$ cat structure.txt   # compact mmCIF, C-alpha atoms
# COMPACT_ATOMS: atom_id res chain seq x y z
CA MET A 1 -49.37 -4.05 26.39
CA SER A 2 -45.96 -3.34 27.90
CA GLY A 3 -44.75 -4.42 31.32
CA ASN A 4 -41.82 -5.79 33.29
CA ARG A 5 -40.77 -9.32 34.11
CA ASP A 6 -38.37 -9.72 37.02
CA ALA A 7 -35.45 -12.12 37.26
CA ALA A 8 -37.40 -14.63 39.37
CA TRP A 9 -40.08 -14.87 36.64
CA PHE A 10 -37.44 -15.71 34.05
CA ALA A 11 -35.79 -18.25 36.35
CA GLU A 12 -39.09 -20.17 36.45
CA LYS A 13 -39.57 -20.07 32.68
CA LEU A 14 -36.09 -20.78 31.28
CA ASN A 15 -34.98 -24.39 31.63
CA ASP A 16 -32.08 -24.60 29.17
CA ARG A 17 -29.37 -22.33 30.57
CA THR A 18 -27.05 -22.52 27.57
CA ILE A 19 -26.60 -19.54 25.23
CA ARG A 20 -28.66 -21.17 22.51
CA GLY A 21 -31.25 -22.48 24.96
CA ILE A 22 -31.82 -19.08 26.55
CA ALA A 23 -32.20 -17.44 23.12
CA LEU A 24 -34.62 -20.09 21.85
CA GLU A 25 -36.76 -20.23 24.99
CA THR A 26 -36.91 -16.43 25.31
CA SER A 27 -37.98 -16.08 21.68
CA ALA A 28 -40.62 -18.76 22.29
CA LEU A 29 -41.99 -16.74 25.23
CA ILE A 30 -42.20 -13.69 22.96
CA ARG A 31 -43.96 -15.66 20.22
CA ALA A 32 -46.47 -16.97 22.76
CA GLY A 33 -47.21 -13.47 24.05
CA ALA A 34 -45.85 -14.13 27.54
CA LEU A 35 -43.31 -11.37 26.86
CA PRO A 36 -45.28 -8.67 25.01
CA VAL A 37 -43.65 -6.07 22.80
CA GLY A 38 -42.39 -3.26 25.04
CA THR A 39 -41.54 -5.51 27.98
CA LYS A 40 -38.39 -4.38 29.78
CA LEU A 41 -35.98 -7.21 30.52
CA PRO A 42 -34.15 -7.50 33.86
CA PRO A 43 -30.56 -6.22 34.15
CA ILE A 44 -28.06 -8.79 32.91
CA ARG A 45 -26.31 -9.21 36.26
CA ASP A 46 -29.58 -9.72 38.14
CA LEU A 47 -30.94 -12.22 35.66
CA ALA A 48 -27.64 -14.10 35.35
CA PHE A 49 -27.55 -14.50 39.15
CA ALA A 50 -31.14 -15.80 39.20
CA LEU A 51 -30.36 -18.30 36.42
CA GLY A 52 -27.09 -19.41 38.00
CA ILE A 53 -25.02 -18.54 34.94
CA SER A 54 -22.31 -16.04 34.14
CA PRO A 55 -23.26 -12.56 32.85
CA ALA A 56 -21.17 -13.31 29.76
CA THR A 57 -23.38 -16.31 28.89
CA LEU A 58 -26.56 -14.25 29.18
CA SER A 59 -25.00 -11.38 27.24
CA GLU A 60 -24.23 -13.75 24.35
CA ALA A 61 -27.84 -15.00 24.34
CA TRP A 62 -29.16 -11.44 24.28
CA SER A 63 -26.75 -10.60 21.45
CA GLU A 64 -28.28 -13.42 19.37
CA LEU A 65 -31.78 -12.01 19.96
CA ARG A 66 -30.57 -8.50 19.11
CA ARG A 67 -29.12 -9.80 15.86
CA GLN A 68 -32.54 -11.21 15.01
CA LYS A 69 -34.09 -7.86 16.03
CA ILE A 70 -36.26 -9.59 18.62
CA ILE A 71 -34.97 -7.39 21.44
CA GLY A 72 -33.35 -3.96 21.37
CA GLY A 73 -31.76 -1.25 23.46
CA ARG A 74 -28.69 -1.39 25.65
CA GLY A 75 -26.76 0.60 28.21
CA ARG A 76 -28.46 2.76 30.83
CA ASN A 77 -31.89 2.52 29.21
CA GLY A 78 -32.01 -1.27 29.53
CA THR A 79 -33.16 -3.95 27.10
CA TRP A 80 -36.67 -4.31 25.70
CA VAL A 81 -38.75 -6.65 23.58
CA SER A 82 -38.71 -4.69 20.34
CA GLY A 83 -40.68 -4.27 17.12
CA ASP A 84 -44.26 -3.32 16.35
CA ARG A 85 -45.11 -7.00 16.56
CA PHE A 86 -43.26 -10.29 16.58
CA ILE A 87 -43.69 -12.22 13.35
CA ASN A 88 -41.66 -15.21 12.29
CA GLN A 89 -40.31 -14.25 8.88
CA PRO A 90 -37.26 -14.87 6.68
CA ALA A 91 -35.13 -11.89 7.69
CA ARG A 92 -32.81 -11.85 4.69
CA LEU A 93 -35.55 -12.30 2.12
CA ALA A 94 -37.87 -9.88 3.91
CA SER A 95 -35.21 -7.16 3.79
CA ALA A 96 -35.22 -7.16 -0.02
CA GLY A 97 -36.26 -3.80 -1.45
CA HIS A 98 -39.06 -2.95 -3.84
CA TYR A 99 -37.78 -0.69 -6.59
CA GLY A 100 -39.60 1.41 -9.14
CA ASP A 101 -39.06 1.65 -12.86
CA HIS A 102 -36.30 4.23 -12.36
CA VAL A 103 -34.02 1.66 -10.67
CA LEU A 104 -32.14 -1.13 -12.44
CA ASP A 105 -32.92 -4.04 -10.11
CA LEU A 106 -30.12 -6.62 -10.11
CA THR A 107 -31.13 -8.24 -6.82
CA SER A 108 -33.61 -10.98 -7.78
CA ALA A 109 -31.81 -14.07 -9.08
CA GLY A 110 -34.74 -15.47 -11.01
CA PRO A 111 -34.73 -16.53 -14.64
CA ASP A 112 -35.36 -14.18 -17.54
CA VAL A 113 -39.02 -14.98 -18.23
CA ARG A 114 -38.41 -14.44 -21.97
CA LEU A 115 -36.10 -17.46 -21.96
CA LEU A 116 -38.48 -19.91 -20.26
CA PRO A 117 -40.31 -22.64 -22.19
CA GLN A 118 -43.97 -22.15 -23.09
CA LEU A 119 -46.32 -23.95 -20.71
CA GLU A 120 -49.64 -24.02 -22.56
CA ALA A 121 -49.34 -27.50 -24.06
CA ALA A 122 -47.72 -28.91 -20.94
CA MET A 123 -50.46 -27.58 -18.66
CA ALA A 124 -53.18 -28.89 -20.98
CA TYR A 125 -51.54 -32.31 -20.79
CA GLY A 126 -51.18 -32.03 -17.02
CA ALA A 127 -54.90 -31.39 -16.60
CA SER A 128 -55.50 -35.03 -17.53
CA ALA A 129 -52.98 -36.43 -15.02
CA ALA A 130 -53.64 -39.87 -13.60
CA ASN A 131 -55.68 -39.96 -10.38
CA LEU A 132 -56.44 -36.24 -10.68
CA ASN A 133 -58.18 -34.60 -7.69
CA SER A 134 -57.74 -37.64 -5.47
CA TYR A 135 -56.90 -36.99 -1.82
CA GLU A 136 -54.43 -39.87 -1.94
CA ARG A 137 -51.06 -38.51 -0.80
CA SER A 138 -49.06 -39.36 -3.89
CA ARG A 139 -45.32 -38.91 -3.40
CA ILE A 140 -44.43 -38.62 -7.09
CA LEU A 141 -46.27 -39.46 -10.30
CA PRO A 142 -44.81 -42.53 -12.04
CA GLU A 143 -44.32 -40.60 -15.29
CA LEU A 144 -42.36 -37.84 -13.55
CA GLU A 145 -40.28 -40.40 -11.67
CA ALA A 146 -39.47 -42.18 -14.94
CA ALA A 147 -38.46 -38.90 -16.57
CA VAL A 148 -36.14 -37.69 -13.80
CA ARG A 149 -34.50 -41.06 -13.20
CA LYS A 150 -33.02 -40.92 -16.71
CA THR A 151 -30.59 -38.16 -15.67
CA TRP A 152 -30.45 -38.58 -11.87
CA PRO A 153 -26.78 -38.67 -10.78
CA TYR A 154 -27.17 -41.96 -8.90
CA GLU A 155 -29.74 -44.73 -8.50
CA PRO A 156 -31.92 -43.57 -5.58
CA GLU A 157 -34.08 -45.78 -3.44
CA ALA A 158 -36.97 -43.30 -3.29
CA LEU A 159 -38.06 -40.02 -4.89
CA LEU A 160 -40.43 -37.29 -3.72
CA ALA A 161 -41.98 -34.34 -5.58
CA THR A 162 -42.10 -31.10 -3.57
CA ASN A 163 -43.44 -27.58 -4.10
CA GLY A 164 -40.10 -26.13 -5.21
CA GLY A 165 -36.50 -26.37 -4.08
CA TYR A 166 -36.76 -24.20 -0.99
CA ASN A 167 -39.91 -26.03 0.04
CA ALA A 168 -37.89 -29.24 -0.15
CA VAL A 169 -35.15 -27.80 2.07
CA TYR A 170 -37.61 -26.26 4.52
CA THR A 171 -39.54 -29.50 4.83
CA LEU A 172 -36.54 -31.77 5.30
CA ILE A 173 -34.93 -29.41 7.82
CA ASN A 174 -38.10 -29.31 9.90
CA ALA A 175 -38.59 -33.06 9.57
CA LEU A 176 -35.03 -34.13 10.36
CA VAL A 177 -33.26 -31.35 12.30
CA MET A 178 -34.12 -30.55 15.91
CA PRO A 179 -33.95 -26.93 17.14
CA GLY A 180 -30.50 -26.19 18.50
CA ALA A 181 -28.79 -28.90 16.42
CA ALA A 182 -25.65 -27.99 14.49
CA VAL A 183 -25.89 -27.77 10.69
CA ALA A 184 -22.81 -27.23 8.52
CA ILE A 185 -23.36 -25.19 5.38
CA GLU A 186 -21.06 -23.72 2.77
CA ASP A 187 -20.31 -20.02 3.18
CA PRO A 188 -21.44 -18.04 1.26
CA THR A 189 -24.73 -19.74 0.47
CA GLY A 190 -28.28 -18.95 -0.59
CA MET A 191 -29.82 -16.39 1.74
CA ARG A 192 -33.06 -18.35 1.94
CA LEU A 193 -31.15 -21.41 3.11
CA LEU A 194 -29.81 -19.33 6.01
CA ASP A 195 -33.31 -17.99 6.70
CA ILE A 196 -34.64 -21.56 6.89
CA LEU A 197 -31.91 -22.71 9.28
CA GLU A 198 -32.30 -19.65 11.50
CA ASP A 199 -36.06 -20.11 11.60
CA ARG A 200 -35.53 -23.69 12.75
CA GLY A 201 -33.17 -22.50 15.48
CA ALA A 202 -30.28 -24.53 14.09
CA ARG A 203 -26.71 -23.75 15.09
CA ILE A 204 -25.16 -22.75 11.77
CA ILE A 205 -21.57 -23.88 11.22
CA PRO A 206 -20.03 -22.11 8.20
CA VAL A 207 -17.81 -24.02 5.80
CA ARG A 208 -15.58 -21.69 3.81
CA CYS A 209 -15.35 -22.07 0.04
CA ASP A 210 -12.97 -21.30 -2.80
CA GLU A 211 -13.34 -21.64 -6.58
CA GLU A 212 -13.43 -25.48 -6.27
CA GLY A 213 -16.13 -25.63 -3.62
CA PRO A 214 -16.21 -26.13 0.16
CA LEU A 215 -12.71 -26.26 1.65
CA ALA A 216 -11.85 -29.69 3.00
CA SER A 217 -10.04 -28.18 5.98
CA SER A 218 -13.06 -26.05 6.85
CA LEU A 219 -15.41 -29.05 6.62
CA GLU A 220 -13.08 -31.02 8.89
CA GLU A 221 -13.25 -28.19 11.43
CA ALA A 222 -17.05 -28.11 11.14
CA MET A 223 -17.23 -31.85 11.87
CA LYS A 224 -15.91 -31.17 15.37
CA TYR A 225 -19.35 -29.74 16.17
CA ARG A 226 -21.01 -33.03 15.17
CA PRO A 227 -23.46 -31.43 12.70
CA VAL A 228 -26.62 -33.36 12.00
CA ALA A 229 -26.45 -32.22 8.35
CA PHE A 230 -24.10 -30.70 5.79
CA VAL A 231 -25.82 -28.57 3.12
CA PHE A 232 -24.02 -27.67 -0.09
CA GLN A 233 -24.49 -27.10 -3.83
CA PRO A 234 -22.32 -29.61 -5.70
CA ARG A 235 -23.20 -28.76 -9.29
CA LEU A 236 -23.39 -24.97 -9.45
CA HIS A 237 -23.23 -22.54 -6.55
CA SER A 238 -26.23 -20.22 -6.85
CA VAL A 239 -24.31 -17.25 -5.39
CA THR A 240 -20.73 -17.55 -6.62
CA GLY A 241 -21.34 -19.36 -9.92
CA GLN A 242 -18.62 -21.92 -9.15
CA SER A 243 -18.89 -25.71 -9.33
CA VAL A 244 -17.39 -28.27 -6.96
CA SER A 245 -14.46 -29.95 -8.69
CA GLU A 246 -14.24 -33.72 -8.93
CA THR A 247 -11.10 -33.69 -6.77
CA ARG A 248 -12.83 -31.60 -4.10
CA MET A 249 -15.89 -33.87 -4.10
CA THR A 250 -13.59 -36.81 -3.41
CA LYS A 251 -11.94 -35.01 -0.49
CA LEU A 252 -15.28 -33.98 0.99
CA ALA A 253 -16.56 -37.55 0.70
CA GLU A 254 -13.53 -38.86 2.57
CA ILE A 255 -14.22 -36.47 5.44
CA LEU A 256 -17.88 -37.52 5.57
CA ARG A 257 -17.25 -41.25 5.12
CA ASP A 258 -17.20 -42.36 8.76
CA LYS A 259 -19.76 -39.83 10.01
CA ASP A 260 -23.52 -40.09 10.41
CA THR A 261 -24.11 -36.56 9.11
CA LEU A 262 -26.93 -36.13 6.60
CA ILE A 263 -25.63 -34.83 3.25
CA VAL A 264 -28.03 -32.39 1.59
CA GLU A 265 -27.15 -31.68 -2.05
CA ASP A 266 -29.03 -28.68 -3.42
CA ASP A 267 -29.12 -28.46 -7.24
CA GLY A 268 -31.19 -25.28 -7.35
CA VAL A 269 -29.89 -23.82 -10.61
CA ALA A 270 -30.17 -27.20 -12.35
CA ASP A 271 -29.70 -27.39 -16.13
CA ILE A 272 -28.80 -23.73 -16.42
CA SER A 273 -25.41 -25.24 -15.63
CA ALA A 274 -23.59 -27.09 -18.39
CA ALA A 275 -21.66 -29.04 -15.74
CA PRO A 276 -22.62 -32.69 -15.24
CA ARG A 277 -24.74 -33.47 -12.22
CA GLN A 278 -22.81 -35.05 -9.38
CA SER A 279 -23.74 -36.60 -6.06
CA MET A 280 -22.40 -38.62 -3.16
CA GLY A 281 -25.55 -40.72 -3.34
CA HIS A 282 -23.69 -43.69 -4.80
CA LEU A 283 -21.37 -43.63 -1.76
CA PHE A 284 -23.84 -42.83 1.00
CA PRO A 285 -27.34 -43.70 -0.29
CA ASP A 286 -28.72 -44.04 3.24
CA ARG A 287 -28.02 -40.40 4.18
CA VAL A 288 -27.73 -38.32 1.00
CA ILE A 289 -30.71 -36.10 0.15
CA HIS A 290 -30.36 -34.83 -3.41
CA ILE A 291 -32.65 -31.99 -4.57
CA LEU A 292 -33.31 -30.86 -8.14
CA SER A 293 -35.41 -27.72 -8.68
CA PHE A 294 -37.21 -26.87 -11.92
CA SER A 295 -37.94 -23.22 -11.03
CA LYS A 296 -34.99 -21.62 -12.81
CA THR A 297 -35.16 -23.84 -15.89
CA HIS A 298 -38.83 -24.58 -16.55
CA GLY A 299 -40.60 -21.82 -14.62
CA PRO A 300 -41.11 -20.67 -11.02
CA ASP A 301 -44.89 -21.14 -11.31
CA LEU A 302 -44.46 -24.88 -11.80
CA ARG A 303 -43.58 -24.81 -8.06
CA LEU A 304 -41.78 -28.10 -8.51
CA ALA A 305 -38.66 -29.88 -7.30
CA VAL A 306 -37.80 -33.53 -6.82
CA LEU A 307 -35.68 -34.95 -4.02
CA SER A 308 -34.19 -38.39 -3.54
CA SER A 309 -32.95 -40.31 -0.54
CA SER A 310 -33.38 -43.60 1.26
CA ARG A 311 -36.93 -44.83 1.66
CA ALA A 312 -36.72 -44.27 5.43
CA ILE A 313 -35.72 -40.62 5.06
CA VAL A 314 -38.35 -39.95 2.39
CA ASP A 315 -40.92 -41.51 4.74
CA GLN A 316 -39.91 -39.05 7.48
CA ILE A 317 -40.10 -36.06 5.16
CA GLN A 318 -43.48 -37.16 3.79
CA SER A 319 -44.81 -37.65 7.31
CA TYR A 320 -43.96 -34.04 8.11
CA ARG A 321 -45.63 -32.88 4.89
CA SER A 322 -48.84 -34.50 6.09
CA PHE A 323 -49.29 -31.56 8.46
CA SER A 324 -49.69 -29.23 5.46
CA ALA A 325 -50.06 -29.76 1.70
CA GLY A 326 -49.56 -33.52 1.84
CA TRP A 327 -48.65 -33.82 -1.83
CA THR A 328 -47.58 -31.75 -4.82
CA SER A 329 -50.14 -30.97 -7.54
CA ARG A 330 -50.50 -33.85 -9.97
CA ILE A 331 -51.26 -31.32 -12.70
CA LEU A 332 -47.88 -29.66 -12.21
CA GLN A 333 -46.04 -32.96 -11.90
CA SER A 334 -47.57 -34.26 -15.11
CA ALA A 335 -46.85 -30.98 -16.90
CA ALA A 336 -43.21 -31.18 -15.83
CA ALA A 337 -42.96 -34.75 -17.07
CA TRP A 338 -44.30 -33.59 -20.46
CA LEU A 339 -41.70 -30.79 -20.59
CA LEU A 340 -38.87 -33.19 -19.77
CA ARG A 341 -39.85 -35.33 -22.76
CA ASP A 342 -40.39 -32.40 -25.14
CA PRO A 343 -37.59 -31.74 -27.72
CA ALA A 344 -38.66 -28.09 -28.14
CA THR A 345 -38.29 -27.51 -24.40
CA GLU A 346 -34.82 -29.06 -24.47
CA ALA A 347 -33.83 -26.70 -27.28
CA CYS A 348 -35.25 -23.78 -25.31
CA LEU A 349 -33.12 -24.72 -22.29
CA ASP A 350 -30.00 -25.00 -24.45
CA HIS A 351 -30.62 -21.50 -25.80
CA ALA A 352 -31.26 -20.07 -22.32
CA ARG A 353 -28.10 -21.67 -20.96
CA ASN A 354 -26.00 -20.04 -23.67
CA VAL A 355 -27.59 -16.63 -23.16
CA TYR A 356 -27.08 -16.71 -19.39
CA ALA A 357 -23.46 -17.75 -19.86
CA LYS A 358 -22.79 -14.90 -22.30
CA ARG A 359 -24.43 -12.29 -20.07
CA ARG A 360 -22.47 -13.36 -17.02
CA ALA A 361 -19.18 -13.59 -18.93
CA ALA A 362 -19.75 -10.15 -20.47
CA LEU A 363 -20.00 -8.52 -17.05
CA ILE A 364 -16.97 -10.38 -15.67
CA ASP A 365 -14.92 -9.40 -18.74
CA ALA A 366 -16.03 -5.77 -18.46
CA LEU A 367 -15.09 -5.69 -14.78
CA GLY A 368 -11.71 -7.24 -15.59
CA GLU A 369 -11.05 -4.43 -18.03
CA ARG A 370 -11.71 -2.04 -15.13
CA GLU A 371 -9.37 -4.00 -12.81
CA VAL A 372 -12.15 -5.42 -10.67
CA PRO A 373 -11.33 -9.11 -10.05
CA ALA A 374 -14.23 -11.55 -10.29
CA LEU A 375 -14.24 -15.22 -11.20
CA HIS A 376 -15.72 -16.58 -14.40
CA GLY A 377 -18.30 -19.28 -13.84
CA ALA A 378 -21.94 -19.93 -14.71
CA GLY A 379 -25.45 -19.29 -13.49
CA LEU A 380 -27.64 -16.28 -12.97
CA CYS A 381 -25.42 -13.95 -10.96
CA ALA A 382 -21.85 -12.87 -10.19
CA TRP A 383 -20.03 -12.69 -6.84
CA ILE A 384 -17.84 -9.59 -6.88
CA PRO A 385 -15.19 -8.73 -4.26
CA ILE A 386 -15.16 -5.13 -3.03
CA SER A 387 -13.54 -3.08 -0.29
CA SER A 388 -16.63 -1.96 1.62
CA GLU A 389 -20.17 -3.24 1.27
CA PRO A 390 -21.87 -0.13 2.75
CA PHE A 391 -19.88 2.22 0.49
CA ALA A 392 -20.56 0.06 -2.57
CA MET A 393 -24.30 -0.18 -1.90
CA VAL A 394 -24.65 3.59 -1.45
CA THR A 395 -22.53 4.32 -4.52
CA LEU A 396 -24.60 2.03 -6.73
CA ALA A 397 -27.91 3.23 -5.29
CA ALA A 398 -26.94 6.82 -6.11
CA ARG A 399 -26.64 5.69 -9.74
CA GLY A 400 -30.00 3.95 -9.77
CA ILE A 401 -28.62 0.40 -9.55
CA ALA A 402 -29.78 -2.06 -6.88
CA VAL A 403 -27.65 -5.10 -5.97
CA SER A 404 -27.41 -7.35 -2.92
CA PRO A 405 -24.74 -7.03 -0.21
CA GLY A 406 -22.67 -10.15 0.39
CA ALA A 407 -23.64 -10.13 4.07
CA LYS A 408 -27.07 -11.52 3.14
CA PHE A 409 -25.44 -14.74 1.96
CA SER A 410 -22.93 -15.26 4.75
CA ILE A 411 -22.65 -15.44 8.51
CA LEU A 412 -18.94 -14.63 8.25
CA PRO A 413 -17.55 -11.13 7.57
CA SER A 414 -18.16 -10.30 3.92
CA SER A 415 -16.86 -7.77 1.39
CA HIS A 416 -18.76 -8.79 -1.73
CA LEU A 417 -21.69 -7.87 -3.92
CA ARG A 418 -24.04 -10.34 -5.53
CA VAL A 419 -25.05 -8.94 -8.90
CA VAL A 420 -27.73 -10.67 -10.95
CA THR A 421 -26.69 -11.13 -14.57
CA ALA A 422 -29.63 -13.22 -15.82
CA THR A 423 -31.54 -10.15 -17.03
CA LEU A 424 -28.55 -7.88 -17.71
CA SER A 425 -29.00 -7.59 -21.46
CA GLU A 426 -28.62 -3.80 -21.64
CA ARG A 427 -26.68 -1.05 -19.80
CA LEU A 428 -23.74 -3.42 -19.30
CA GLU A 429 -21.04 -0.74 -19.62
CA GLU A 430 -22.92 1.55 -17.27
CA VAL A 431 -23.22 -1.21 -14.65
CA ALA A 432 -19.54 -2.16 -14.99
CA ASP A 433 -18.49 1.48 -14.58
CA ALA A 434 -20.65 1.87 -11.47
CA ILE A 435 -19.36 -1.34 -9.89
CA ALA A 436 -15.75 -0.35 -10.59
CA LEU A 437 -16.36 2.95 -8.85
CA ALA A 438 -18.12 1.21 -5.94
CA ALA A 439 -15.54 -1.54 -5.54
CA ILE A 440 -12.67 0.67 -4.36
CA HIS A 441 -13.03 2.49 -1.05
CA THR A 442 -10.14 3.99 0.88
$ encode --input "structure.txt" --output "structure tokens"
Amino acid sequence: MSGNRDAAWFAEKLNDRTIRGIALETSALIRAGALPVGTKLPPIRDLAFALGISPATLSEAWSELRRQKIIGGRGRNGTWVSGDRFINQPARLASAGHYGDHVLDLTSAGPDVRLLPQLEAAMAYGASAANLNSYERSRILPELEAAVRKTWPYEPEALLATNGGYNAVYTLINALVMPGAAVAIEDPTGMRLLDILEDRGARIIPVRCDEEGPLASSLEEAMKYRPVAFVFQPRLHSVTGQSVSETRMTKLAEILRDKDTLIVEDDGVADISAAPRQSMGHLFPDRVIHILSFSKTHGPDLRLAVLSSSRAIVDQIQSYRSFSAGWTSRILQSAAAWLLRDPATEACLDHARNVYAKRRAALIDALGEREVPALHGAGLCAWIPISSEPFAMVTLAARGIAVSPGAKFSILPSSHLRVVTATLSERLEEVADAIALAAIHT
């Protein structure tokens, strides 16, 4: 049911008069139904006067809500609570298209299912896991802990099994980061990481990157905002395919040395990368949270990742988990432990790693022949510079090829495409031709 709310009503409801506070509290009123869809908001000048703030401050808050598509309209017609209904959802992930068989879909950066290890024997083993079907909130099975510790990049105080890598990030962000707190994150980054931070109401501070990882100068600038956490991918960047160099890791560590910022290391692509695992955990064991996901390497349906940190931080994360699942399936944990010990699975991963590397390199080489610059690297996708994202997306769509615009992975201006190479085993020349045509726009 639509209606109006005057400036005096808002003045009673909104307590935090900062840009971020107004945006968060207004969205909370919408979620609660106090501001139904279709409600017309007061004129900016009237509401700013009632709140005792400048019109510019209120305008910035409204701009944030427009960007999230929570409110809409402007000019003479006023501003309204928009949408058919207000649902909290990951905006970037939810905007992904669903394509038919006639479209070559290069948007989903999942593994090629033909290259994943077989799970039958592992699942049969997992069905006899210790303490099966107990309601005891087990943090990690001893056999899985023993298996992952063999290759963990530092000696952690505590480990925790979670329901996948993004579940680990979502849980730790909600457990440790208050709404409105600043979080520094490399830019570009995984779109779901941005969705998680935006859902939490964090203030996202972008840290620019080059081929060696996050720029030290950009991280130094981000530290001025006193971020509660810095999130980055030290081993292999899931979007760009680049790895943080040893020299860059040292520089980043120096910047973080005298801070109290949490350091979240996301190893989401895992052993698809041939690069050695690296971590700042040996330097800052009391505030590093290191995450290793098994989705890309061993199978998304294992729904499994492991994180490490200090015992105090793991306690906080586990306490938050008690509101929901409480623990990760012992069957899946035990199955993963079996796979980590299995020589055939190791051989399967070696083969998959080589295939992914060849597919990605083949596209980069083909683009180079067409004078489209893109960096060699590793992983499941390529990050390709272009002149205009809208032009490139339309050009590729007209040729039956779906890719992702760079804007989904960045909060800074972007002129890139993310093209998945993991499943690009055919039509390579056709894709390279189409990208070359889409990359140049005058």
$ closest_residue --input "structure.txt" --among "A:Gly241, A:Pro405, A:Pro36, A:Pro142" --to "Ser334 (chain A)" --atoms "only C-alpha atoms"
A:Pro142
$ closest_residue --input "structure.txt" --among "A:Ser54, A:Ser308, A:Thr261, A:Ser415" --to "Leu176 (chain A)" --atoms "only C-alpha atoms"
A:Thr261
$ residues_near_point --input "structure.txt" --point "(-27.6, -14.2, -12.2)" --cutoff "7 Å" --atoms "only C-alpha atoms" --output "list in words"
Ala109, Gly379, Leu380, Cys381, Ala382, Val419, Val420, Thr421 and Ala422 of chain A
$ atom_distance --input "structure.txt" --atom1 "CA of Asp260 (chain A)" --atom2 "CA of Gln278 (chain A)"
20.4 Å
$ closest_atom_pairs --input "structure.txt" --of "region 204-273 of chain A" --to "region 153-170 of chain A" --cutoff "9 Å" --atoms "all atoms listed in the file" --output "tab-separated table"
residue	atom	partner	partner_atom	distance
A:Val264	CA	A:Val169	CA	8.5
A:Asp266	CA	A:Gly165	CA	7.8
A:Asp267	CA	A:Gly165	CA	8.3
A:Gly268	CA	A:Gly165	CA	6.3
$ write_last_selection --input "structure.txt" --atoms "C-alpha atoms" --output "mmCIF file, in the coordinates of the input"
data_model
loop_
_atom_site.group_PDB
_atom_site.id
_atom_site.type_symbol
_atom_site.label_atom_id
_atom_site.label_comp_id
_atom_site.auth_asym_id
_atom_site.auth_seq_id
_atom_site.Cartn_x
_atom_site.Cartn_y
_atom_site.Cartn_z
ATOM 1 C CA VAL A 264 -28.030 -32.390 1.590
ATOM 2 C CA ASP A 266 -29.030 -28.680 -3.420
ATOM 3 C CA ASP A 267 -29.120 -28.460 -7.240
ATOM 4 C CA GLY A 268 -31.190 -25.280 -7.350
#
$ closest_residue --input "structure.txt" --among "A:Arg45, A:Arg321, A:His351, A:Lys224" --to "Thr297 (chain A)" --atoms "all atoms listed in the file"
A:His351
$ closest_residue --input "structure.txt" --among "A:Glu136, A:Asp46, A:Asp365, A:Asp286" --to "Ile313 (chain A)" --atoms "all atoms listed in the file"
A:Asp286
$ residues_around --input "structure.txt" --residues "Pro111 (chain A)" --least-positions-apart "3" --cutoff "12 Å" --atoms "all atoms listed in the file" --output "ChimeraX atom specification"
/A:106-108,114-117,268-270,272,294-301,349,352-353,355-356,379-381,420-424
$ closest_residue --input "structure.txt" --among "A:Asp258, A:Asp6, A:Glu60, A:Asp315" --to "Lys40 (chain A)" --atoms "all atoms listed in the file"
A:Asp6
$ residues_around --input "structure.txt" --residues "Ser134 (chain A)" --least-positions-apart "3" --cutoff "12 Å" --atoms "only C-alpha atoms" --output "ChimeraX atom specification"
/A:129-131,137-138,326-331
$ atom_distance --input "structure.txt" --atom1 "CA of Ala181 (chain A)" --atom2 "CA of Val228 (chain A)"
6.6 Å
$ build_atoms --input "structure.txt" --residues "region 146-155 of chain A" --atoms "N, CA and C atoms" --output "short mmCIF file (atom, residue, chain, number, x, y, z; two decimals), in the frame of the given file"
data_model
loop_
_atom_site.label_atom_id
_atom_site.label_comp_id
_atom_site.auth_asym_id
_atom_site.auth_seq_id
_atom_site.Cartn_x
_atom_site.Cartn_y
_atom_site.Cartn_z
N ALA A 146 -40.16 -41.56 -13.80
CA ALA A 146 -39.47 -42.18 -14.94
C ALA A 146 -38.64 -41.15 -15.70
N ALA A 147 -39.17 -39.94 -15.83
CA ALA A 147 -38.46 -38.90 -16.57
C ALA A 147 -37.21 -38.42 -15.84
N VAL A 148 -37.29 -38.23 -14.52
CA VAL A 148 -36.14 -37.69 -13.80
C VAL A 148 -35.07 -38.76 -13.55
N ARG A 149 -35.48 -40.00 -13.44
CA ARG A 149 -34.50 -41.06 -13.20
C ARG A 149 -33.50 -41.19 -14.36
N LYS A 150 -33.89 -40.78 -15.54
CA LYS A 150 -33.02 -40.92 -16.71
C LYS A 150 -31.73 -40.12 -16.54
N THR A 151 -31.77 -39.01 -15.82
CA THR A 151 -30.59 -38.16 -15.67
C THR A 151 -30.18 -37.98 -14.21
N TRP A 152 -30.81 -38.72 -13.30
CA TRP A 152 -30.45 -38.58 -11.87
C TRP A 152 -29.00 -39.04 -11.69
N PRO A 153 -28.22 -38.36 -10.85
CA PRO A 153 -26.78 -38.67 -10.78
C PRO A 153 -26.43 -39.96 -10.04
N TYR A 154 -27.39 -40.63 -9.49
CA TYR A 154 -27.17 -41.96 -8.90
C TYR A 154 -28.50 -42.68 -8.89
N GLU A 155 -28.51 -43.94 -8.52
CA GLU A 155 -29.74 -44.73 -8.50
C GLU A 155 -30.36 -44.64 -7.11
#
